[in-house]
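For reference, structure26.cif (mmCIF, C-alpha atoms):
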data_target
#
loop_
_atom_site.label_atom_id
_atom_site.label_comp_id
_atom_site.auth_asym_id
_atom_site.auth_seq_id
_atom_site.Cartn_x
_atom_site.Cartn_y
_atom_site.Cartn_z
CA VAL N 131 0.00 0.00 0.00
CA VAL N 132 2.82 2.39 0.88
CA ILE N 133 4.73 1.83 -2.37
CA HIS N 134 1.53 2.18 -4.36
CA LYS N 135 0.70 5.53 -2.69
CA ILE N 136 4.25 6.84 -3.08
CA LEU N 137 4.33 5.97 -6.80
CA GLN N 138 0.94 7.61 -7.26
CA TYR N 139 2.01 10.95 -5.77
CA LEU N 140 5.75 11.04 -6.43
CA VAL N 141 5.11 11.78 -10.10
CA THR N 142 3.41 15.05 -9.19
CA TYR N 143 6.91 16.37 -8.44
CA PRO N 144 9.37 17.21 -11.23
CA SER N 145 11.72 14.27 -11.84
CA ASP N 146 14.75 16.16 -10.52
CA GLN N 147 12.97 16.47 -7.13
CA HIS N 148 12.08 12.78 -6.71
CA ARG N 149 15.12 11.88 -4.63
CA ALA N 150 14.52 14.77 -2.24
CA ALA N 151 10.76 14.17 -1.97
CA LEU N 152 10.93 10.42 -1.46
CA PRO N 153 12.32 10.37 2.13
CA LEU N 154 9.82 13.06 3.17
CA MET N 155 6.93 11.06 1.74
CA LEU N 156 8.04 7.82 3.40
CA ALA N 157 8.35 9.59 6.77
CA ARG N 158 4.70 10.66 6.76
CA PRO N 159 2.97 9.73 10.03
CA GLU N 160 0.14 7.98 8.17
CA PHE N 161 2.59 5.26 7.05
CA ASP N 162 4.04 4.73 10.55
CA LEU N 163 7.21 3.17 9.13
CA PRO N 164 10.31 2.59 11.24
CA ASP N 165 13.53 4.04 9.79
CA PRO N 166 14.87 0.70 8.47
CA ASP N 167 11.64 0.13 6.52
CA GLN N 168 11.72 3.68 5.16
CA ASN N 169 15.29 3.15 3.97
CA ARG N 170 14.49 -0.22 2.38
CA LEU N 171 11.44 1.15 0.55
CA ARG N 172 13.31 4.27 -0.53
CA ASP N 173 16.05 2.14 -2.10
CA GLU N 174 13.49 -0.10 -3.80
CA ILE N 175 11.49 2.81 -5.23
CA GLU N 176 14.64 4.65 -6.36
CA ARG N 177 15.79 1.54 -8.25
CA LEU N 178 12.44 1.37 -10.04
CA ILE N 179 12.13 5.05 -10.97
CA THR N 180 15.74 5.39 -12.15
CA GLN N 181 15.95 2.26 -14.33
CA PRO N 182 16.53 3.31 -17.93
CA ALA N 183 13.77 0.96 -19.13
CA THR N 184 11.11 2.36 -16.74
CA ARG N 185 12.26 5.88 -15.85
CA PHE N 186 9.93 7.52 -18.42
CA LEU N 187 6.90 5.92 -16.74
CA PHE N 188 7.53 7.94 -13.58
CA SER N 189 8.48 11.24 -15.15
CA HIS N 190 6.35 14.29 -14.48
CA HIS N 191 4.71 15.21 -17.78
CA ASP N 192 1.33 16.17 -19.20
CA SER N 193 0.80 12.92 -21.10
CA ALA N 194 0.59 10.78 -17.95
CA THR N 195 -2.02 10.35 -15.27
CA ALA N 196 -2.57 8.16 -12.23
CA GLU N 197 -5.55 6.12 -10.99
CA VAL N 198 -7.55 6.10 -14.22
CA ALA N 199 -10.97 4.46 -13.82
CA ILE N 200 -12.00 2.10 -16.61
CA ALA N 201 -15.22 0.27 -17.41
CA GLY N 202 -16.38 -1.68 -20.40
CA THR N 203 -17.33 -5.00 -21.88
CA VAL N 204 -14.90 -7.66 -23.07
CA ARG N 205 -15.91 -10.46 -25.41
CA PHE N 206 -14.13 -13.71 -24.70
CA ALA N 207 -15.00 -17.17 -26.01
CA GLY N 208 -18.29 -15.88 -27.38
CA GLN N 209 -19.41 -14.34 -24.09
CA ASP N 210 -19.49 -10.74 -22.89
CA PHE N 211 -17.94 -9.93 -19.53
CA ALA N 212 -18.20 -6.65 -17.63
CA LEU N 213 -14.85 -5.13 -16.78
CA THR N 214 -14.18 -2.40 -14.23
CA GLY N 215 -10.99 -1.32 -12.56
CA LYS N 216 -8.32 1.30 -12.21
CA ILE N 217 -5.16 1.78 -14.18
CA ASP N 218 -2.40 2.74 -11.76
CA ARG N 219 -0.58 4.86 -14.33
CA LEU N 220 -1.41 5.70 -17.94
CA VAL N 221 1.45 7.19 -19.94
CA ARG N 222 1.74 8.31 -23.55
CA HIS N 223 5.37 7.99 -24.61
CA ASP N 224 6.26 8.74 -28.22
CA ASP N 225 3.52 6.98 -30.24
CA THR N 226 2.66 4.38 -27.60
CA TRP N 227 0.26 4.28 -24.67
CA TRP N 228 1.62 2.43 -21.61
CA ILE N 229 -0.83 0.93 -19.13
CA VAL N 230 0.96 0.36 -15.83
CA ASP N 231 -0.43 -1.78 -13.04
CA TYR N 232 1.68 -1.88 -9.88
CA LYS N 233 2.10 -5.26 -8.23
CA THR N 234 3.98 -5.10 -4.97
CA ASN N 235 2.99 -8.44 -3.44
CA ARG N 236 5.70 -10.27 -1.55
CA PRO N 237 6.97 -12.65 -2.75
CA PRO N 238 6.05 -12.54 -6.44
CA ALA N 239 4.28 -15.55 -7.91
CA GLN N 240 6.61 -18.05 -9.59
CA ALA N 241 3.85 -19.55 -11.75
CA VAL N 242 0.57 -18.28 -13.17
CA GLU N 243 -1.32 -20.74 -10.93
CA GLN N 244 0.02 -18.86 -7.88
CA VAL N 245 -1.33 -15.46 -8.99
CA PRO N 246 -4.35 -14.45 -6.86
CA ASP N 247 -7.66 -14.49 -8.75
CA ALA N 248 -8.10 -10.75 -8.18
CA TYR N 249 -5.17 -10.13 -10.55
#

Using structure tokens, write down the structure that the file contains.
Amino acid sequence: VVIHKILQYLVTYPSDQHRAALPLMLARPEFDLPDPDQNRLRDEIERLITQPATRFLFSHHDSATAEVAIAGTVRFAGQDFALTGKIDRLVRHDDTWWIVDYKTNRPPAQAVEQVPDAY
């Protein structure tokens, strides 16, 4: 929950302020995190937002938004299914739309059979 919230709001800051904002955000009383947990999460989030392959997803720009509600109908195997949910981050980068869904479960599933039904 903490990582999800941080990623949601960190992008409201310009990218060059992320490193300074991150410790302040993790220290918020609502998270009630001891210092070692704050440090561990800070390192984990910094690795994610600075990776060359994913850095653009967490940049502050006009063609990105967080917590986008979606609803619709999906046809699968001849049947219609209602679909509702939220996209954690929607980013237009060059000519491509990126739909990002954060998964911070510990530990990650090793096989598709281990993925919770909700996902």

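With distances restricted to all atoms listed in the file, N:His191 is the closest residue to Thr142 in chain N from N:His223, N:His191, N:Lys233, N:Lys216.
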
- Message: Give me, as a PyMOL selection string, all polymer residues having an atom no more than 9 Å from Ile175 in chain N, counting all atoms listed in the file and skipping those fewer than 2 positions away in the same chain.
- Response: chain N and resi 133+136-137+152+170-173+177-180

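If you measure from each of N:Pro153, N:Gln244, N:Phe186, N:Ala199 to Trp227 in chain N using only C-alpha atoms, the closest one turns out to be N:Phe186.
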
- Message: Quick check on the file I pasted: which residues fall under the PyMOL selection byres ((chain N and resi 221) around 7)? Write them as a PyMOL selection string.
- Response: chain N and resi 187+193-195+219-220+222-223+227-229

Go ahead and write the residues just picked, C-alpha atoms, as a short mmCIF file (atom, residue, chain, number, x, y, z; two decimals), keeping the file's coordinate frame.
data_model
loop_
_atom_site.label_atom_id
_atom_site.label_comp_id
_atom_site.auth_asym_id
_atom_site.auth_seq_id
_atom_site.Cartn_x
_atom_site.Cartn_y
_atom_site.Cartn_z
CA LEU N 187 6.90 5.92 -16.74
CA SER N 193 0.80 12.92 -21.10
CA ALA N 194 0.59 10.78 -17.95
CA THR N 195 -2.02 10.35 -15.27
CA ARG N 219 -0.58 4.86 -14.33
CA LEU N 220 -1.41 5.70 -17.94
CA ARG N 222 1.74 8.31 -23.55
CA HIS N 223 5.37 7.99 -24.61
CA TRP N 227 0.26 4.28 -24.67
CA TRP N 228 1.62 2.43 -21.61
CA ILE N 229 -0.83 0.93 -19.13
#

- Selection result for the PyMOL selection byres ((chain N and resi 155) around 10) on this file, as a PyMOL selection string: chain N and resi 132+135-136+139-140+150-154+156-161+168+172

Could you give me the axis-aligned bounding box of range 231-235 of chain N, with 3 Å of padding per side, as centre plus edge lengths in Å to one decimal, as JSON?
{"center_x": 1.8, "center_y": -5.1, "center_z": -8.2, "size_x": 10.4, "size_y": 12.7, "size_z": 15.6}
